[in-house]
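Here's the structure we're looking at; comments come further down.
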Amino acid sequence: MTIRPLGEAEVDLVHPLAVRSFDDLSVRLGRPSEPPNAQDTAHHTAQHHYLHRTGSALGAYDGQGVLSGVVLSSVRGALWQLALLVVEPGAQSAGTGRALLEAALQTAPAGGVRTFSSSRDARALRAYARAGFRLLPALNGNGVVDRALLGDHSKVRAGDLGRDAGVRCSA
């Protein structure tokens, strides 16, 4: 396996690889997979090109030079964020993801903050824990916030604001 930066033309291969990887995960978790739609594909592909231009985009290539995994990350000041780490379903659990994560972490600023979000794949969570990340529970939601239901925020204690600093609510 070889790990090297993705070429500009290879960035268009990232979304189909991610779809295959996440579809495989859905099947393993007993959930239905959802076929990609044109709008989502265009959105994700644009994000991948942006990260290629402004961050780090690395690919793992098998012995025949075929792309088998990708990691995308960004650095903004002292903040490093793992944006995407996907491996072809047939190449998973063979060290490809671990090697990509190790290579991506080399782009993180020393002493900075390292962040990521993960799928529910237990193998991925173990890899992140082995890499030194603290795994914290998170809540994922979507929809429109009805501000009238949020109530009076004047009674929020300053200590709660510090504890819940990672919580964001925007209109």
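Going through the structure tokens in order, the chains are called A, B, and so on, while each chain numbers its residues from 1 and the ligands are numbered from 1 in the order shown.
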
Within 9 Å of Ala103 of chain A using only C-alpha atoms, minus same-chain residues under 6 positions, as a ChimeraX atom specification: /A:3,58,71

Write out as a list in words all residues of segment 63-128 of chain A that DSSP puts in strand (DSSP E or B) for this structure's backbone. Leu67, Ser68, Gly69, Val70, Val71, Leu72, Ser73, Ser74, Val75, Arg76, Leu79, Trp80, Gln81, Leu82, Ala83, Leu84, Leu85, Val86, Val87, Val113, Arg114, Thr115 and Phe116 of chain A

May I have the residues from that selection written out with C-alpha atoms, as a CSV table (one decimal), in the first residue's frame?
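Output file part_27.csv follows:
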chain,number,residue,atom,x,y,z
A,67,LEU,CA,-7.4,4.0,-4.8
A,68,SER,CA,-8.6,2.0,-1.8
A,69,GLY,CA,-9.0,4.7,0.9
A,70,VAL,CA,-9.1,8.5,1.4
A,71,VAL,CA,-8.6,10.8,4.3
A,72,LEU,CA,-9.5,14.5,4.1
A,73,SER,CA,-8.6,17.0,6.9
A,74,SER,CA,-8.3,20.7,7.4
A,75,VAL,CA,-6.2,23.0,9.6
A,76,ARG,CA,-7.5,26.4,10.7
A,79,LEU,CA,-7.6,23.5,15.0
A,80,TRP,CA,-7.2,20.3,13.0
A,81,GLN,CA,-10.3,18.5,11.9
A,82,LEU,CA,-10.7,15.1,10.4
A,83,ALA,CA,-13.4,15.7,7.8
A,84,LEU,CA,-13.6,12.2,6.1
A,85,LEU,CA,-11.9,8.9,6.4
A,86,VAL,CA,-13.3,6.1,4.2
A,87,VAL,CA,-11.9,2.8,3.0
A,113,VAL,CA,-6.9,20.9,19.1
A,114,ARG,CA,-7.8,17.8,17.1
A,115,THR,CA,-11.4,17.1,16.3
A,116,PHE,CA,-13.4,14.5,14.3

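With atom CA of Ser26 of chain A on one side and atom CA of Ala91 of chain A on the other, the separation reads 16.7 Å.
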
Write out as an MDAnalysis selection string all residues of chain A that backbone DSSP assigns to helix (DSSP H, G or I). chainID A and resid 8:28 38:54 89:91 96:105 122:130 147:149 153:155 158:163

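Taking atom CA of Asp62 of chain A as the reference point, atom CA of Thr45 of chain A is found at 22.9 Å.
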
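Among the candidates A:Val144, A:Leu13, A:Ala60, A:Ala78, the residue lying nearest to Ala108 of chain A is A:Ala78 (atoms considered: only C-alpha atoms).
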
Give me the residues within 10 Å of segment 131-140 of chain A as a VMD selection string, counting only C-alpha atoms and dropping any in the same chain fewer than 2 places off. chain A and resid 98 101 to 102 105 114 to 118 125 to 129 142 167

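Nearest residue to Ala110 of chain A, choosing from A:Gly95, A:Gly65, A:Gly77, A:Gly90 and counting only C-alpha atoms: A:Gly77.
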
Using only C-alpha atoms, pick whichever of A:Arg20, A:Arg28, A:Arg53, A:His15 has the shortest atom-to-atom distance to Asp40 of chain A. A:His15

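Interatomic distance, atom CA of Leu100 of chain A against atom CA of Gln64 of chain A: 17.8 Å.
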
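Nearest to Leu6 of chain A of all the residues A:Ala38, A:His44, A:Tyr61, A:Asp23 is A:Tyr61, based on only C-alpha atoms.
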
Can you list, as a list in words, every protein, DNA or RNA residue that comes within 10 Å of Glu34 of chain A when you count only C-alpha atoms, leaving out same-chain residues fewer than 2 positions away? Val19, Phe22, Asp23, Ser26, Arg31, Pro32, Pro36 and Asn37 of chain A

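Once Val14 of chain A and its same-chain neighbours fewer than 3 positions away are set aside, A:Glu10, A:Val11, A:Leu17, A:Ala18, A:Thr45, A:His48, A:Val70 remain within 8 Å of it when counting only C-alpha atoms.
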
Take the selection from the previous step and output its residues with N, CA and C atoms, as a compact mmCIF listing (two decimals), in the first residue's frame.
# COMPACT_ATOMS: atom_id res chain seq x y z
N GLU A 10 -8.38 12.99 -9.08
CA GLU A 10 -8.78 11.88 -8.21
C GLU A 10 -9.84 12.28 -7.17
N VAL A 11 -9.99 13.58 -6.94
CA VAL A 11 -10.95 14.04 -5.93
C VAL A 11 -12.36 13.62 -6.32
N LEU A 17 -16.50 6.51 -3.50
CA LEU A 17 -15.86 5.64 -2.51
C LEU A 17 -16.57 5.76 -1.16
N ALA A 18 -16.89 6.99 -0.77
CA ALA A 18 -17.60 7.21 0.50
C ALA A 18 -18.98 6.55 0.46
N THR A 45 -19.03 16.56 -3.38
CA THR A 45 -17.89 16.67 -4.28
C THR A 45 -17.27 18.07 -4.19
N HIS A 48 -15.25 18.18 -1.05
CA HIS A 48 -14.00 17.42 -1.20
C HIS A 48 -12.97 18.23 -1.99
N VAL A 70 -9.35 7.01 1.50
CA VAL A 70 -9.12 8.45 1.43
C VAL A 70 -9.27 9.04 2.82
